[in-house]
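Data block for model.txt (compact mmCIF, C-alpha atoms):
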# COMPACT_ATOMS: atom_id res chain seq x y z
CA MET A 195 75.48 63.02 -46.37
CA SER A 196 75.65 66.77 -47.08
CA ARG A 197 77.37 69.10 -44.63
CA ARG A 198 73.98 70.61 -43.74
CA SER A 199 72.51 67.15 -42.99
CA THR A 200 75.58 66.26 -40.94
CA ASN A 201 75.22 69.39 -38.82
CA LEU A 202 71.51 68.80 -38.27
CA LEU A 203 72.20 65.23 -37.15
CA LYS A 204 74.90 66.45 -34.76
CA TYR A 205 72.44 68.91 -33.23
CA ALA A 206 69.83 66.17 -32.83
CA LEU A 207 72.27 63.73 -31.21
CA SER A 208 73.60 66.44 -28.91
CA ALA A 209 70.04 67.31 -27.87
CA LEU A 210 69.33 63.67 -27.01
CA HIS A 211 72.59 63.48 -25.05
CA TYR A 212 72.27 66.69 -23.03
CA SER A 213 68.55 66.24 -22.34
CA GLY A 214 69.04 62.67 -21.15
CA ALA A 215 66.20 61.53 -23.42
CA ASP A 216 68.39 58.83 -24.94
CA SER A 217 68.83 57.18 -21.52
CA LEU A 218 65.08 57.21 -20.88
CA ILE A 219 64.38 55.52 -24.22
CA ALA A 220 67.41 53.21 -24.12
CA PRO A 221 66.27 50.03 -22.33
CA LEU A 222 63.95 48.96 -25.15
CA PRO A 223 65.92 49.72 -28.34
CA ARG A 224 69.46 49.00 -27.14
CA GLY A 225 69.36 45.47 -28.54
CA VAL A 226 71.73 42.57 -27.94
CA GLY A 227 74.80 43.74 -29.84
CA VAL A 228 76.32 45.87 -32.54
CA ILE A 229 78.53 45.53 -35.62
CA PHE A 230 80.72 48.58 -36.14
CA MET A 231 81.49 49.63 -39.73
CA LEU A 232 84.79 51.37 -40.49
CA HIS A 233 86.96 52.05 -43.53
CA HIS A 234 90.08 54.12 -42.82
CA VAL A 235 92.04 54.69 -39.63
CA HIS A 236 94.62 57.46 -40.04
CA PRO A 237 96.05 60.16 -37.75
CA ASP A 238 96.12 62.98 -40.32
CA ALA A 239 93.54 65.76 -40.03
CA PRO A 240 91.29 66.14 -43.11
CA ALA A 241 91.70 69.03 -45.54
CA ALA A 242 89.04 71.74 -45.88
CA PHE A 243 87.65 69.86 -48.85
CA ALA A 244 87.52 66.18 -47.91
CA PRO A 245 84.09 64.74 -48.77
CA ASN A 246 85.28 61.20 -48.04
CA ARG A 247 86.30 62.27 -44.54
CA ILE A 248 83.30 60.36 -43.20
CA LEU A 249 85.19 57.15 -44.03
CA LYS A 250 88.14 58.10 -41.79
CA ILE A 251 88.65 58.06 -38.04
CA THR A 252 91.84 58.58 -36.06
CA PRO A 253 93.68 55.84 -34.13
CA ASP A 254 92.98 57.85 -30.99
CA PHE A 255 89.23 57.78 -31.57
CA LEU A 256 89.38 54.05 -32.34
CA GLU A 257 91.16 53.52 -29.02
CA ARG A 258 88.62 55.67 -27.16
CA THR A 259 85.75 53.82 -28.81
CA ILE A 260 87.13 50.45 -27.81
CA ASN A 261 87.54 51.63 -24.23
CA TYR A 262 84.04 53.13 -24.12
CA VAL A 263 82.44 50.00 -25.59
CA ARG A 264 84.15 47.75 -23.06
CA GLU A 265 83.35 50.09 -20.15
CA SER A 266 79.70 50.03 -21.29
CA GLY A 267 79.61 46.27 -20.68
CA PHE A 268 80.00 44.98 -24.24
CA ASP A 269 82.14 41.96 -25.09
CA ILE A 270 84.20 42.65 -28.23
CA VAL A 271 83.97 39.47 -30.29
CA SER A 272 84.90 37.96 -33.63
CA LEU A 273 82.24 37.42 -36.27
CA ASP A 274 82.37 33.68 -35.61
CA GLU A 275 81.56 34.35 -31.96
CA LEU A 276 78.88 36.88 -32.95
CA HIS A 277 77.31 34.25 -35.22
CA PHE A 278 77.39 31.72 -32.37
CA ARG A 279 75.72 34.08 -29.91
CA LEU A 280 72.99 35.01 -32.36
CA THR A 281 72.23 31.44 -33.39
CA GLU A 282 72.35 30.15 -29.81
CA GLY A 283 70.37 33.05 -28.39
CA ASP A 284 73.23 33.85 -25.99
CA PHE A 285 72.24 37.38 -25.04
CA GLU A 286 73.36 37.45 -21.41
CA ARG A 287 75.92 40.15 -22.23
CA PRO A 288 75.81 42.62 -25.13
CA PHE A 289 78.49 42.07 -27.78
CA ALA A 290 80.26 44.15 -30.40
CA ALA A 291 82.24 43.33 -33.54
CA PHE A 292 84.50 45.72 -35.45
CA THR A 293 84.52 45.45 -39.26
CA PHE A 294 86.44 47.31 -41.97
CA ASP A 295 85.44 47.53 -45.63
CA ASP A 296 87.75 47.50 -48.68
CA GLY A 297 91.18 46.56 -47.31
CA TYR A 298 92.94 49.91 -47.00
CA ARG A 299 96.63 49.83 -46.08
CA ASP A 300 96.03 52.04 -43.07
CA ASN A 301 94.07 49.16 -41.52
CA LEU A 302 97.41 47.35 -41.22
CA GLN A 303 99.43 50.44 -40.34
CA HIS A 304 97.14 52.16 -37.83
CA ALA A 305 94.16 49.97 -36.86
CA TYR A 306 95.89 46.62 -36.42
CA PRO A 307 98.34 47.89 -33.75
CA VAL A 308 95.41 49.16 -31.67
CA PHE A 309 93.56 45.84 -31.77
CA LYS A 310 96.81 43.90 -31.26
CA ARG A 311 97.65 45.93 -28.18
CA HIS A 312 94.24 45.14 -26.69
CA GLN A 313 94.28 41.55 -28.01
CA LEU A 314 90.87 42.07 -29.61
CA PRO A 315 89.44 40.59 -32.82
CA PHE A 316 88.33 42.48 -35.92
CA THR A 317 87.36 41.79 -39.55
CA ILE A 318 88.42 43.23 -42.90
CA TYR A 319 86.20 42.69 -45.96
CA VAL A 320 88.29 42.62 -49.16
CA PRO A 321 87.36 42.88 -52.87
CA THR A 322 89.82 40.68 -54.76
CA ASP A 323 90.39 43.28 -57.50
CA PHE A 324 91.54 45.62 -54.74
CA ALA A 325 94.06 43.08 -53.43
CA ASP A 326 95.27 42.59 -57.04
CA GLY A 327 95.98 46.32 -57.26
CA THR A 328 93.39 46.87 -60.00
CA GLY A 329 90.55 48.23 -57.90
CA ASP A 330 88.59 51.27 -59.04
CA LEU A 331 88.38 53.72 -56.14
CA TRP A 332 86.14 56.02 -58.15
CA TRP A 333 84.80 57.94 -55.13
CA LEU A 334 88.35 58.95 -54.23
CA ALA A 335 89.13 59.75 -57.86
CA LEU A 336 86.09 62.02 -58.01
CA GLU A 337 87.30 63.83 -54.90
CA HIS A 338 90.74 64.29 -56.48
CA VAL A 339 89.27 65.77 -59.66
CA ILE A 340 87.03 68.27 -57.85
CA ALA A 341 89.90 69.25 -55.57
CA HIS A 342 91.95 70.29 -58.60
CA VAL A 343 89.40 72.20 -60.71
CA ASP A 344 87.53 75.50 -60.37
CA GLN A 345 84.56 74.20 -62.34
CA LEU A 346 83.33 70.80 -63.38
CA SER A 347 81.52 70.23 -66.67
CA LEU A 348 79.75 66.95 -67.38
CA VAL A 349 76.62 65.49 -68.96
CA MET A 350 74.08 64.41 -66.33
CA ASN A 351 70.87 62.73 -67.44
CA GLY A 352 71.40 63.92 -71.01
CA GLU A 353 72.06 67.56 -70.12
CA ARG A 354 75.37 69.42 -69.93
CA ARG A 355 75.95 70.71 -66.41
CA THR A 356 78.65 73.07 -65.22
CA LEU A 357 79.29 73.12 -61.48
CA SER A 358 81.36 75.80 -59.80
CA CYS A 359 84.18 74.46 -57.61
CA ARG A 360 85.99 77.62 -56.52
CA ASP A 361 86.05 77.08 -52.76
CA PRO A 362 85.52 74.22 -50.27
CA ASP A 363 81.78 74.87 -49.93
CA GLU A 364 81.23 74.79 -53.69
CA LYS A 365 83.47 71.75 -54.03
CA ASN A 366 81.52 69.90 -51.32
CA ALA A 367 78.22 70.77 -52.99
CA ALA A 368 79.51 69.62 -56.39
CA PHE A 369 80.86 66.37 -54.97
CA HIS A 370 77.60 65.60 -53.16
CA ARG A 371 75.52 66.24 -56.27
CA VAL A 372 77.73 64.25 -58.65
CA TYR A 373 78.43 61.38 -56.23
CA TRP A 374 74.77 60.60 -55.58
CA TRP A 375 73.91 60.94 -59.25
CA LEU A 376 76.66 58.43 -60.08
CA ARG A 377 75.32 56.08 -57.41
CA SER A 378 71.89 56.20 -59.08
CA ILE A 379 73.01 55.11 -62.57
CA ASP A 380 74.56 51.99 -64.07
CA GLU A 381 77.84 51.52 -62.25
CA ARG A 382 79.99 50.79 -65.29
CA THR A 383 78.68 53.98 -66.87
CA ALA A 384 79.41 55.86 -63.66
CA ARG A 385 82.98 54.59 -63.54
CA ARG A 386 83.54 55.58 -67.17
CA GLN A 387 82.31 59.08 -66.33
CA VAL A 388 84.82 59.42 -63.50
CA ALA A 389 87.61 57.97 -65.64
CA GLU A 390 86.90 60.63 -68.27
CA MET A 391 87.05 63.36 -65.63
CA CYS A 392 90.42 62.02 -64.50
CA ARG A 393 91.75 62.02 -68.06
CA SER A 394 90.63 65.62 -68.52
CA ILE A 395 93.07 66.76 -65.80
CA GLY A 396 95.79 64.22 -66.61
CA PHE A 397 95.33 62.17 -63.43
CA ASP A 398 96.05 58.42 -63.42
CA ALA A 399 93.49 57.08 -60.95
CA ARG A 400 95.25 53.71 -60.83
CA LYS A 401 97.72 55.32 -58.43
CA LEU A 402 95.02 55.41 -55.78
CA ALA A 403 94.83 51.62 -55.59
CA ALA A 404 98.60 51.24 -55.39
CA ASP A 405 98.88 53.92 -52.71
CA GLN A 406 95.95 53.03 -50.51
CA LEU A 407 95.06 49.33 -50.77
CA MET A 408 96.74 46.29 -49.27
CA GLY A 409 98.12 43.65 -51.59
CA TRP A 410 98.07 39.92 -51.01
CA ASP A 411 101.33 39.80 -49.02
CA GLU A 412 100.02 42.38 -46.58
CA LEU A 413 96.72 40.55 -46.26
CA ARG A 414 98.60 37.31 -45.53
CA ILE A 415 100.33 39.04 -42.61
CA LEU A 416 96.93 39.89 -41.13
CA ALA A 417 95.28 36.58 -42.00
CA ALA A 418 98.02 34.71 -40.11
CA ASP A 419 96.89 36.37 -36.87
CA PRO A 420 93.97 34.57 -35.16
CA LEU A 421 92.63 37.98 -34.12
CA VAL A 422 91.92 38.89 -37.76
CA THR A 423 89.10 37.62 -39.96
CA ILE A 424 89.25 38.30 -43.69
CA GLY A 425 85.78 38.43 -45.25
CA GLY A 426 84.46 38.77 -48.80
CA HIS A 427 83.43 42.02 -50.47
CA THR A 428 82.88 40.91 -54.10
CA ARG A 429 85.44 40.80 -56.87
CA SER A 430 85.07 44.34 -58.26
CA HIS A 431 83.09 46.28 -55.62
CA PHE A 432 79.94 46.54 -57.74
CA ALA A 433 76.47 47.23 -56.36
CA LEU A 434 75.18 43.67 -56.65
CA ALA A 435 71.49 44.52 -56.97
CA LYS A 436 72.24 46.35 -60.24
CA LEU A 437 73.74 43.22 -61.82
CA PRO A 438 72.02 40.25 -63.48
CA LEU A 439 71.63 37.30 -61.11
CA ALA A 440 74.39 35.17 -62.68
CA GLU A 441 76.88 38.06 -62.61
CA ALA A 442 76.02 38.96 -59.02
CA ARG A 443 76.58 35.37 -57.97
CA LEU A 444 79.91 35.25 -59.81
CA GLU A 445 81.03 38.50 -58.13
CA MET A 446 80.38 36.93 -54.75
CA GLU A 447 81.50 33.36 -55.32
CA SER A 448 84.73 34.16 -57.21
CA ASN A 449 85.67 36.62 -54.47
CA ILE A 450 85.11 34.06 -51.72
CA ARG A 451 86.98 31.24 -53.48
CA ARG A 452 89.92 33.47 -54.41
CA LEU A 453 90.30 34.72 -50.84
CA GLU A 454 90.27 31.14 -49.59
CA HIS A 455 92.91 30.13 -52.14
CA GLU A 456 95.24 33.09 -51.55
CA LEU A 457 94.98 33.20 -47.76
CA GLU A 458 94.48 29.48 -47.07
CA ARG A 459 91.65 30.29 -44.68
CA PRO A 460 87.91 29.70 -44.99
CA CYS A 461 85.86 32.77 -45.96
CA ARG A 462 82.57 32.62 -44.09
CA HIS A 463 81.65 36.30 -43.71
CA PHE A 464 80.71 38.91 -46.31
CA SER A 465 79.94 42.60 -46.76
CA TYR A 466 77.77 43.93 -49.62
CA PRO A 467 79.42 46.87 -51.41
CA TYR A 468 77.60 50.13 -50.63
CA GLY A 469 75.19 47.96 -48.64
CA CYS A 470 72.02 50.07 -48.98
CA ALA A 471 68.65 48.69 -50.09
CA LEU A 472 69.36 49.69 -53.71
CA SER A 473 72.68 47.82 -53.67
CA ALA A 474 71.74 44.62 -51.83
CA ASP A 475 68.35 43.21 -50.97
CA ALA A 476 66.45 39.93 -50.71
CA ARG A 477 68.06 38.38 -53.82
CA GLU A 478 71.58 39.07 -52.55
CA PHE A 479 70.70 37.90 -49.03
CA GLU A 480 69.56 34.58 -50.50
CA LEU A 481 72.75 34.29 -52.59
CA ALA A 482 74.79 34.68 -49.41
CA ARG A 483 72.81 31.86 -47.81
CA GLU A 484 73.27 29.65 -50.87
CA LEU A 485 77.02 30.24 -50.78
CA GLY A 486 77.17 28.97 -47.22
CA LEU A 487 78.16 32.24 -45.55
CA LYS A 488 77.69 32.48 -41.80
CA THR A 489 76.99 36.22 -41.85
CA ALA A 490 76.69 39.04 -44.36
CA VAL A 491 76.46 42.71 -43.44
CA THR A 492 74.77 45.72 -44.98
CA THR A 493 75.19 49.45 -44.37
CA ARG A 494 71.61 49.70 -43.11
CA LYS A 495 71.77 51.53 -39.82
CA GLY A 496 70.91 49.79 -36.60
CA LEU A 497 71.87 47.61 -33.67
CA LEU A 498 71.46 43.85 -33.43
CA HIS A 499 68.30 42.40 -31.91
CA ALA A 500 67.10 38.88 -31.19
CA ARG A 501 65.18 38.91 -34.50
CA HIS A 502 68.47 38.99 -36.41
CA THR A 503 68.90 35.31 -35.57
CA ASP A 504 66.75 34.79 -38.67
CA GLN A 505 68.47 37.52 -40.71
CA LEU A 506 72.10 36.47 -40.58
CA THR A 507 72.82 37.48 -44.19
CA ALA A 508 71.15 40.89 -43.81
CA LEU A 509 72.74 42.31 -40.68
CA PRO A 510 72.73 46.06 -39.96
CA ARG A 511 75.80 47.99 -38.86
CA PHE A 512 76.70 51.07 -36.87
CA SER A 513 79.05 53.41 -38.76
CA LEU A 514 82.01 54.91 -36.92
CA ASN A 515 81.85 58.08 -38.96
CA GLY A 516 84.69 60.57 -39.28
CA ASP A 517 82.26 63.46 -38.74
CA PHE A 518 81.12 62.06 -35.38
CA GLN A 519 84.35 61.39 -33.46
CA ASP A 520 82.92 62.32 -30.09
CA GLU A 521 81.92 60.04 -27.21
CA ARG A 522 78.59 61.81 -26.69
CA TYR A 523 77.43 60.82 -30.18
CA LEU A 524 78.69 57.28 -29.60
CA ARG A 525 76.78 57.04 -26.33
CA VAL A 526 73.48 58.20 -27.85
CA LEU A 527 73.79 55.92 -30.86
CA LEU A 528 74.75 52.86 -28.80
CA ASN A 529 71.69 53.45 -26.63
CA GLY A 530 69.66 52.79 -29.76
CA ALA A 531 67.27 55.73 -29.41
CA PRO A 532 68.00 57.31 -32.83
CA PHE A 533 67.55 53.94 -34.57
CA ALA A 534 64.25 53.36 -32.77
CA MET A 535 63.05 56.81 -33.85
CA LEU A 536 64.16 56.15 -37.45
CA ASP A 537 62.30 52.82 -37.47
CA ALA A 538 59.17 54.55 -36.19
CA VAL A 539 59.34 57.18 -38.95
CA GLN A 540 59.84 54.50 -41.61
CA ARG A 541 56.90 52.46 -40.31
CA THR A 542 54.71 55.56 -40.29
CA ARG A 543 55.62 56.27 -43.93
CA GLN A 544 54.85 52.68 -44.89
CA LEU A 545 51.45 52.82 -43.20
CA ALA A 546 50.71 56.14 -44.94
CA ARG A 547 51.25 54.47 -48.31
CA LEU A 548 48.74 51.65 -47.59

Encoding of this model in structure tokens:
Amino acid sequence: MSRRSTNLLKYALSALHYSGADSLIAPLPRGVGVIFMLHHVHPDAPAAFAPNRILKITPDFLERTINYVRESGFDIVSLDELHFRLTEGDFERPFAAFTFDDGYRDNLQHAYPVFKRHQLPFTIYVPTDFADGTGDLWWLALEHVIAHVDQLSLVMNGERRTLSCRDPDEKNAAFHRVYWWLRSIDERTARRQVAEMCRSIGFDARKLAADQLMGWDELRILAADPLVTIGGHTRSHFALAKLPLAEARLEMESNIRRLEHELERPCRHFSYPYGCALSADAREFELARELGLKTAVTTRKGLLHARHTDQLTALPRFSLNGDFQDERYLRVLLNGAPFAMLDAVQRTRQLARL
């Protein structure tokens, strides 16, 4: 999301909060539960140029979120319990699950102590390449490159482009443009592009995996705690929908079996990398069912409703976003009003195309 889009969304959420409109709309769209999506938990403040800041929240905000969710009447549950309540139609009390993608070391260092102190469950979805120390954190590598150059030259869609990167605003604009272009093309090609950018400034991007990701021994520490669920997240963190069927299945199945072997625990829950409609859709949802997974989550925005009983491998999530670390945004989003409005807009667009 661009900085302009982020600011517009903040204004909209604040307007719903201060007007009280979210509370008026809330009873219908609130739903039966929510799955929170997180990545990093770290106390450090972001730099002026930190486009991946949206993936980071502070331990303090995590603590405040947990307290707010519980005070709002939600039970904080494991994914096994969430699956049980959905399949049994047990909607007497709303429920919430906390999930982390990728397996960053700060999950162990800064998130785990918070959940342990409250004796609450959470889930970490892990790509096995990441646990092996060979993961390609290309989005962080791209940030590193742009942070260290005054201009970026690359071939995009067959044309040489030169993007100015002299100050944080220009760097943010360049990152946003290049990131979303990379997301739109073949992922192996995209990763080669970023690797070439890294070589051009003499940066070894492999350091990112070693510095930021948990290895197997660290994951075993977490997996030994009944509060922690370790879920699958593919072998190499590829957008599955871009892969041939056999390769997509292998990415999922090899990840699940390896996690089970290394951690000596069943792997029954899964997160699709990137998780948008262009990265995971009906084919991937069916693969998850075929592989016997209890649940699989997307990054499609929304709360849980009774209808998700029949969509257990295509569950939406609610992102705890580093740009929105404020209880008023959390309150409005948990009420469900913005998601209901988004659904209405999408339905209107679909009808307009008929």

Can you measure CA of Ala389 (chain A) to CA of Leu348 (chain A) for me? One decimal in Å is fine.
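Separation of CA of Ala389 (chain A) and CA of Leu348 (chain A): 12.1 Å.
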
Can you measure CA of Arg429 (chain A) to CA of Phe324 (chain A) for me? One decimal in Å is fine.
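Taking CA of Arg429 (chain A) and CA of Phe324 (chain A), their separation equals 8.1 Å.
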
For CA of Arg414 (chain A) and CA of Gly297 (chain A), determine how far apart the two atoms are, in Å to one decimal place.
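Pair CA of Arg414 (chain A) / CA of Gly297 (chain A) returns 12.0 Å.
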
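Using all atoms listed in the file for every distance, the candidate list A:Arg264, A:Arg443, A:Arg377, A:Lys250 yields A:Arg443 as the residue closest to Leu481 (chain A).
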
Which of A:His277, A:Arg371, A:His427, A:Arg400 sits closest to Asp504 (chain A) [using all atoms listed in the file]:
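So, comparing all the options, the nearest one is A:His277.
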
Exercise: Thr503 (chain A) partners within 9 Å, only C-alpha atoms, chain neighbours under 5 positions left out, as a ChimeraX atom specification
/A:277,279-283

Pick from A:Ala403, A:Lys365, A:Ser378, A:Ile424: nearest to Met350 (chain A), with all atoms listed in the file counted?
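Closest residue, counting all atoms listed in the file: A:Ser378.
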
Tell me which protein, DNA and RNA residues are within 12 Å of Val349 (chain A), counting all atoms listed in the file, leaving out same-chain ones fewer than 4 positions away, and put them as number ranges by chain.
A: 353-357, 372, 375-376, 383-384, 387-388, 390-391

Select, from A:Leu434, A:Ala325, A:Leu276, A:Leu302, the residue with the minimum atom-to-atom distance to Ser473 (chain A), counting only C-alpha atoms.
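Using only C-alpha atoms, Ser473 (chain A) sits closest to A:Leu434.
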
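Checking A:Leu514, A:Ala291, A:Ala500, A:Leu439 one by one against Glu478 (chain A), counting only C-alpha atoms, you find the shortest gap at A:Leu439.
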
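You can rank A:Gln519, A:Ser465, A:Gln303, A:Gln313 by their closest distance to His431 (chain A) using all atoms listed in the file, and at the top of that list sits A:Ser465.
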
Shell around Glu521 (chain A) at 9 Å using all atoms listed in the file, local window under 2 positions removed, as a PDB file with C-alpha atoms, in the coordinates of the input:
ATOM      1  CA  PHE A 255      89.230  57.780 -31.570  1.00  0.00           C
ATOM      2  CA  ARG A 258      88.620  55.670 -27.160  1.00  0.00           C
ATOM      3  CA  THR A 259      85.750  53.820 -28.810  1.00  0.00           C
ATOM      4  CA  TYR A 262      84.040  53.130 -24.120  1.00  0.00           C
ATOM      5  CA  PHE A 518      81.120  62.060 -35.380  1.00  0.00           C
ATOM      6  CA  GLN A 519      84.350  61.390 -33.460  1.00  0.00           C
ATOM      7  CA  TYR A 523      77.430  60.820 -30.180  1.00  0.00           C
ATOM      8  CA  LEU A 524      78.690  57.280 -29.600  1.00  0.00           C
ATOM      9  CA  ARG A 525      76.780  57.040 -26.330  1.00  0.00           C
ATOM     10  CA  VAL A 526      73.480  58.200 -27.850  1.00  0.00           C
TER      11      VAL A 526
END

Set the distance at 9 Å and use all atoms listed in the file: which residues neighbour region 265-268 of chain A once local chain neighbours fewer than 5 positions away are removed? I'd like the list as a PDB file with C-alpha atoms, in the frame of the given file.
ATOM      1  CA  GLY A 227      74.800  43.740 -29.840  1.00  0.00           C
ATOM      2  CA  ILE A 260      87.130  50.450 -27.810  1.00  0.00           C
ATOM      3  CA  ARG A 287      75.920  40.150 -22.230  1.00  0.00           C
ATOM      4  CA  PRO A 288      75.810  42.620 -25.130  1.00  0.00           C
ATOM      5  CA  PHE A 289      78.490  42.070 -27.780  1.00  0.00           C
ATOM      6  CA  ALA A 290      80.260  44.150 -30.400  1.00  0.00           C
TER       7      ALA A 290
END
